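Data block for protein_0.txt (compact mmCIF, C-alpha atoms):
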# COMPACT_ATOMS: atom_id res chain seq x y z
CA MET A 1 24.06 -0.59 4.59
CA LYS A 2 20.62 -1.03 6.10
CA ILE A 3 17.50 0.79 5.02
CA VAL A 4 14.23 0.47 6.93
CA THR A 5 10.86 1.29 5.36
CA ILE A 6 8.16 2.30 7.85
CA CYS A 7 4.36 2.29 7.73
CA GLY A 8 1.46 1.63 10.09
CA ALA A 9 1.21 -2.15 9.89
CA GLY A 10 4.56 -2.98 8.32
CA ILE A 11 2.70 -4.66 5.48
CA GLY A 12 1.28 -2.47 2.74
CA SER A 13 3.00 0.83 2.17
CA SER A 14 6.30 -0.23 3.72
CA GLY A 15 6.25 -3.37 1.59
CA VAL A 16 5.65 -1.38 -1.57
CA LEU A 17 8.35 1.07 -0.50
CA LYS A 18 10.78 -1.82 0.08
CA VAL A 19 10.18 -3.29 -3.37
CA ASN A 20 10.56 0.06 -5.10
CA ALA A 21 13.59 1.10 -3.02
CA GLU A 22 15.32 -2.12 -4.02
CA ARG A 23 14.51 -1.31 -7.62
CA ALA A 24 15.95 2.21 -7.23
CA LEU A 25 19.08 0.86 -5.51
CA ARG A 26 19.69 -1.54 -8.39
CA ALA A 27 19.37 1.35 -10.83
CA LEU A 28 21.93 3.30 -8.76
CA ASP A 29 24.15 0.21 -8.53
CA LEU A 30 24.08 0.40 -4.71
CA GLU A 31 23.86 -2.49 -2.28
CA ALA A 32 21.69 -2.35 0.82
CA THR A 33 19.48 -4.53 2.96
CA VAL A 34 15.95 -3.14 2.94
CA VAL A 35 13.62 -4.15 5.78
CA ALA A 36 9.91 -3.27 6.00
CA ALA A 37 8.60 -2.65 9.50
CA GLU A 38 5.69 -1.09 11.37
CA VAL A 39 6.19 2.22 13.06
CA SER A 40 5.78 0.84 16.59
CA THR A 41 8.98 -1.20 16.12
CA VAL A 42 11.08 1.57 14.60
CA ARG A 43 13.38 1.99 17.63
CA THR A 44 14.63 -1.57 17.52
CA VAL A 45 14.42 -2.27 13.79
CA ALA A 46 16.09 0.99 12.77
CA ALA A 47 18.69 1.06 15.56
CA ASP A 48 21.43 0.08 13.11
CA ALA A 49 19.91 1.59 9.96
CA GLN A 50 21.48 4.38 7.91
CA ILE A 51 18.26 5.40 6.23
CA ILE A 52 14.57 5.30 7.12
CA LEU A 53 12.18 5.60 4.18
CA THR A 54 8.62 6.56 5.02
CA THR A 55 5.67 8.79 4.21
CA GLN A 56 4.87 12.13 5.85
CA GLU A 57 2.37 10.64 8.33
CA PHE A 58 5.05 8.75 10.25
CA VAL A 59 7.79 11.34 10.61
CA GLU A 60 6.58 12.53 14.00
CA ALA A 61 6.08 9.02 15.37
CA ILE A 62 9.57 7.98 14.24
CA GLY A 63 10.99 10.79 16.35
CA LYS A 64 14.67 11.12 17.14
CA THR A 65 16.92 8.73 15.26
CA ASN A 66 20.47 8.55 14.03
CA ALA A 67 19.28 7.44 10.61
CA ASP A 68 18.47 9.86 7.79
CA VAL A 69 14.69 10.03 7.51
CA ILE A 70 13.60 10.33 3.87
CA VAL A 71 9.97 11.19 3.13
CA ILE A 72 8.53 9.77 -0.09
CA VAL A 73 5.44 11.28 -1.74
CA ASN A 74 4.64 8.81 -4.52
CA LEU A 75 5.69 5.29 -3.56
CA PHE A 76 5.78 4.25 -7.20
CA ASP A 77 7.96 7.08 -8.44
CA THR A 78 11.32 5.31 -8.63
CA SER A 79 13.01 8.46 -9.93
CA GLU A 80 11.92 10.30 -6.76
CA LEU A 81 13.21 7.37 -4.70
CA ALA A 82 16.49 7.17 -6.60
CA GLN A 83 17.07 10.91 -6.36
CA LYS A 84 16.40 11.06 -2.63
CA LEU A 85 18.49 7.96 -1.93
CA GLU A 86 21.36 9.33 -3.98
CA ASP A 87 21.18 12.69 -2.16
CA ALA A 88 21.25 10.94 1.23
CA LEU A 89 24.11 8.63 0.32
CA GLY A 90 26.12 11.07 -1.75
CA MET B 1 5.94 -13.61 -7.17
CA SER B 2 2.24 -14.27 -6.99
CA LEU B 3 -0.62 -11.93 -6.33
CA PRO B 4 -3.02 -12.87 -3.49
CA PRO B 5 -6.20 -14.46 -4.89
CA LEU B 6 -8.47 -11.95 -6.67
CA PRO B 7 -11.64 -13.82 -7.66
CA GLU B 8 -14.54 -12.09 -9.40
CA SER B 9 -16.46 -11.99 -6.09
CA ALA B 10 -13.77 -9.67 -4.67
CA ILE B 11 -14.23 -7.10 -7.44
CA GLU B 12 -16.80 -4.31 -7.49
CA ILE B 13 -17.05 -1.89 -10.40
CA ASP B 14 -18.38 1.69 -10.29
CA ALA B 15 -19.39 1.49 -6.66
CA PHE B 16 -20.77 4.46 -4.76
CA ALA B 17 -19.09 5.48 -1.54
CA ALA B 18 -20.10 8.62 0.38
CA ASP B 19 -16.69 8.98 2.01
CA TRP B 20 -13.40 7.17 2.55
CA ARG B 21 -14.77 5.05 5.37
CA ALA B 22 -17.53 3.78 3.11
CA ALA B 23 -14.98 3.09 0.36
CA VAL B 24 -12.76 1.08 2.71
CA ARG B 25 -15.84 -0.75 4.03
CA LEU B 26 -16.71 -1.81 0.44
CA SER B 27 -13.21 -3.21 -0.01
CA GLY B 28 -13.64 -5.13 3.25
CA GLU B 29 -17.03 -6.49 2.17
CA ALA B 30 -15.41 -7.67 -1.08
CA LEU B 31 -12.82 -9.60 0.98
CA VAL B 32 -15.66 -11.15 2.99
CA ARG B 33 -17.42 -12.26 -0.24
CA SER B 34 -14.28 -13.98 -1.49
CA GLY B 35 -13.70 -15.72 1.84
CA ALA B 36 -10.46 -13.90 2.68
CA ALA B 37 -11.68 -11.98 5.72
CA LYS B 38 -14.39 -11.76 8.36
CA SER B 39 -16.71 -8.80 8.62
CA GLY B 40 -14.68 -7.10 11.37
CA TYR B 41 -11.69 -6.70 9.06
CA ALA B 42 -13.15 -3.57 7.48
CA ASP B 43 -13.25 -1.90 10.90
CA GLU B 44 -9.59 -2.82 11.43
CA MET B 45 -8.64 -1.30 8.06
CA ILE B 46 -10.54 1.89 8.94
CA ARG B 47 -8.84 2.03 12.34
CA MET B 48 -5.39 1.86 10.69
CA ILE B 49 -6.22 5.03 8.78
CA GLU B 50 -7.77 6.72 11.82
CA ASP B 51 -4.63 5.93 13.84
CA HIS B 52 -1.97 6.73 11.26
CA GLY B 53 -3.53 9.00 8.67
CA PRO B 54 -4.20 8.59 4.95
CA TYR B 55 -0.83 6.98 4.14
CA VAL B 56 -2.64 4.07 2.50
CA VAL B 57 -3.17 6.34 -0.52
CA ILE B 58 0.07 5.08 -2.01
CA ALA B 59 -0.15 6.73 -5.44
CA PRO B 60 -2.39 9.31 -7.12
CA GLY B 61 -5.91 7.87 -7.15
CA LEU B 62 -4.98 4.57 -5.50
CA ALA B 63 -5.54 3.41 -1.91
CA LEU B 64 -4.13 0.16 -0.55
CA ALA B 65 -6.36 -0.55 2.44
CA HIS B 66 -5.19 -3.21 4.85
CA ALA B 67 -4.83 -4.11 8.51
CA ARG B 68 -2.54 -6.53 10.29
CA PRO B 69 -2.76 -10.31 10.15
CA GLY B 70 -5.08 -11.53 12.91
CA PRO B 71 -8.29 -13.35 13.76
CA GLN B 72 -10.31 -11.30 11.23
CA VAL B 73 -8.23 -12.69 8.36
CA ILE B 74 -9.19 -16.09 6.97
CA ALA B 75 -6.78 -16.34 4.04
CA ASN B 76 -4.57 -14.17 1.87
CA GLY B 77 -6.70 -12.17 -0.51
CA LEU B 78 -7.00 -9.03 -2.55
CA SER B 79 -10.06 -6.99 -3.48
CA VAL B 80 -10.55 -4.22 -6.02
CA VAL B 81 -13.28 -1.59 -5.74
CA THR B 82 -13.54 1.13 -8.37
CA LEU B 83 -15.52 4.21 -7.42
CA LYS B 84 -18.14 5.92 -9.51
CA GLU B 85 -17.26 9.20 -7.81
CA PRO B 86 -13.77 9.65 -6.37
CA VAL B 87 -13.49 10.18 -2.60
CA ARG B 88 -10.96 12.15 -0.59
CA PHE B 89 -8.90 10.39 2.07
CA GLY B 90 -7.23 13.61 3.19
CA HIS B 91 -3.91 12.84 1.50
CA ALA B 92 -1.81 15.88 0.67
CA HIS B 93 -0.78 14.72 -2.80
CA ASN B 94 -2.57 11.60 -3.96
CA ASP B 95 -6.28 12.46 -3.48
CA PRO B 96 -8.91 11.88 -4.73
CA VAL B 97 -9.05 8.09 -4.73
CA ARG B 98 -10.72 6.23 -7.59
CA VAL B 99 -9.49 2.71 -6.92
CA VAL B 100 -9.40 0.99 -3.52
CA LEU B 101 -7.42 -2.21 -3.14
CA GLY B 102 -8.20 -4.28 -0.05
CA LEU B 103 -5.44 -6.55 1.16
CA ALA B 104 -5.77 -9.36 3.70
CA ILE B 105 -2.62 -11.15 4.79
CA SER B 106 -2.89 -14.22 7.02
CA GLU B 107 0.68 -14.48 8.21
CA ALA B 108 3.21 -11.76 9.02
CA GLY B 109 6.48 -12.23 7.23
CA ALA B 110 5.10 -14.25 4.36
CA HIS B 111 3.41 -11.26 2.79
CA LEU B 112 6.25 -9.48 1.05
CA ALA B 113 6.07 -11.53 -2.14
CA ALA B 114 2.36 -10.74 -2.34
CA VAL B 115 2.89 -7.02 -1.78
CA ALA B 116 5.76 -7.03 -4.28
CA ALA B 117 3.43 -8.53 -6.87
CA VAL B 118 0.93 -5.73 -6.21
CA ALA B 119 3.72 -3.14 -6.43
CA ASN B 120 4.90 -4.51 -9.77
CA ILE B 121 1.48 -3.96 -11.31
CA PHE B 122 1.41 -0.28 -10.33
CA ASN B 123 4.96 0.47 -11.37
CA ASP B 124 3.19 0.84 -14.69
CA SER B 125 1.51 4.16 -13.90
CA SER B 126 -1.23 3.58 -16.49
CA ALA B 127 -2.61 0.68 -14.43
CA ILE B 128 -4.55 2.98 -12.07
CA ASN B 129 -6.32 4.76 -14.95
CA GLU B 130 -7.05 1.45 -16.63
CA LEU B 131 -8.55 0.03 -13.43
CA ALA B 132 -10.64 3.16 -12.80
CA ALA B 133 -12.04 2.86 -16.33
CA ALA B 134 -12.64 -0.91 -16.25
CA THR B 135 -16.21 -1.93 -17.01
CA SER B 136 -16.18 -5.56 -15.84
CA PRO B 137 -14.54 -7.73 -13.19
CA ALA B 138 -12.88 -9.75 -15.96
CA GLU B 139 -11.23 -6.59 -17.24
CA VAL B 140 -9.96 -5.81 -13.73
CA GLN B 141 -8.52 -9.30 -13.50
CA ARG B 142 -6.82 -8.85 -16.88
CA ILE B 143 -5.23 -5.53 -15.80
CA MET B 144 -4.09 -7.13 -12.55
CA GLY B 145 -2.64 -10.07 -14.47
CA VAL B 146 -5.01 -12.63 -12.92
CA ASN B 147 -6.52 -15.50 -14.84
CA PRO B 148 -10.31 -15.01 -14.89
CA SER B 149 -12.08 -17.12 -12.28
Mind converting the file's structure to structure tokens?
Amino acid sequence: MKIVTICGAGIGSSGVLKVNAERALRALDLEATVVAAEVSTVRTVAADAQIILTTQEFVEAIGKTNADVIVIVNLFDTSELAQKLEDALG
Amino acid sequence: MSLPPLPESAIEIDAFAADWRAAVRLSGEALVRSGAAKSGYADEMIRMIEDHGPYVVIAPGLALAHARPGPQVIANGLSVVTLKEPVRFGHAHNDPVRVVLGLAISEAGAHLAAVAAVANIFNDSSAINELAAATSPAEVQRIMGVNPS
């Protein structure tokens, strides 16, 4: 499974989201490759992704995609992340 | 995983910022003082927020300002600015901001370990309050797990 985290530069927020998503996945005992990317590359990077994790600001720019787009409010709330990941994968 | 350098020169305590742009500019100036960035980097960080919105407010009270690697970045570095009066970035959930981290990354791809180190600090949700209440750069360095410079 491939999960892509999206932010403006592909550095800060998406990097934090990647680290914390990996933490949540471990807690759920799920395996996935998590890639951080900037929103301008979402078409190519997320072409084969099942899930896109991002914040509200980028939903519109991500646009149409086959992946489930999950919006995260607090990037450090691993229980929010785990819950939303479990809902999407369950 | 190692944090980008956070010397005392990159830390400002109880700073005054009239608005979010001023707060981000202070974090850029701190990166200039420590030799991590050139003066134009602050403008690039501000432009990221103008273009994409206040997503850099990654947790309640905490902004992680940054731009892309490029000519305005000299070396990897981190800055910490704590605000005397919190400022609003326009974030729906995480405003107002009391602590602004500035992040300069010199090379795309090599930054994830650095960002992961930052993330690990704030997985302890008390870290933001502790930083906001810090009274000296040395205390900030202690909270961030950096050996005092």
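Interatomic distance, atom CA of B:His93 against atom CA of B:Val57: 9.0 Å.
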**Q.** Distance filter 10 Å, only C-alpha atoms, chain B against chain A, as a PyMOL selection string
**A.** chain B and resi 48-49+51-60+63-69+91-94+103-105+108-120+122-125
If we count all atoms listed in the file and set the cut-off at 12 Å, which residues sit around B:Gly40, ignoring sequence neighbours fewer than 4 positions away in its own chain? Please answer as a tab-separated table (two decimals) with C-alpha atoms, in the frame of the given file.
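See part_37.tsv below for the written result:
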chain	number	residue	atom	x	y	z
B	25	ARG	CA	-15.84	-0.75	4.03
B	28	GLY	CA	-13.64	-5.13	3.25
B	29	GLU	CA	-17.03	-6.49	2.17
B	31	LEU	CA	-12.82	-9.60	0.98
B	32	VAL	CA	-15.66	-11.15	2.99
B	36	ALA	CA	-10.46	-13.90	2.68
B	44	GLU	CA	-9.59	-2.82	11.43
B	45	MET	CA	-8.64	-1.30	8.06
B	46	ILE	CA	-10.54	1.89	8.94
B	47	ARG	CA	-8.84	2.03	12.34
B	67	ALA	CA	-4.83	-4.11	8.51
B	70	GLY	CA	-5.08	-11.53	12.91
B	71	PRO	CA	-8.29	-13.35	13.76
B	72	GLN	CA	-10.31	-11.30	11.23
B	73	VAL	CA	-8.23	-12.69	8.36
B	74	ILE	CA	-9.19	-16.09	6.97
B	104	ALA	CA	-5.77	-9.36	3.70
Q: Measuring atom to atom with all atoms listed in the file, identify which of B:Met144, B:Asp95, B:Leu131, B:Gly90 is nearest to B:Leu6.
A: B:Met144
Q) atom CA of A:Glu86 and atom CA of A:Val59, how far apart in Å? A)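 Atom CA of A:Val59 sits 20.0 Å away from atom CA of A:Glu86.
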Q: Work out how far apart atom CA of A:Gly63 and atom CA of A:Leu25 are and give it in Å to one decimal.
A: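 Atom CA of A:Gly63 sits 25.3 Å away from atom CA of A:Leu25.
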Q.
For a quick check of understanding, using all atoms listed in the file, which of B:Gly61, B:Gly102, B:Gly145, B:Pro7 has the smallest distance to B:Glu85?
A.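 Ranking B:Gly61, B:Gly102, B:Gly145, B:Pro7 by distance to B:Glu85, first place goes to B:Gly61.
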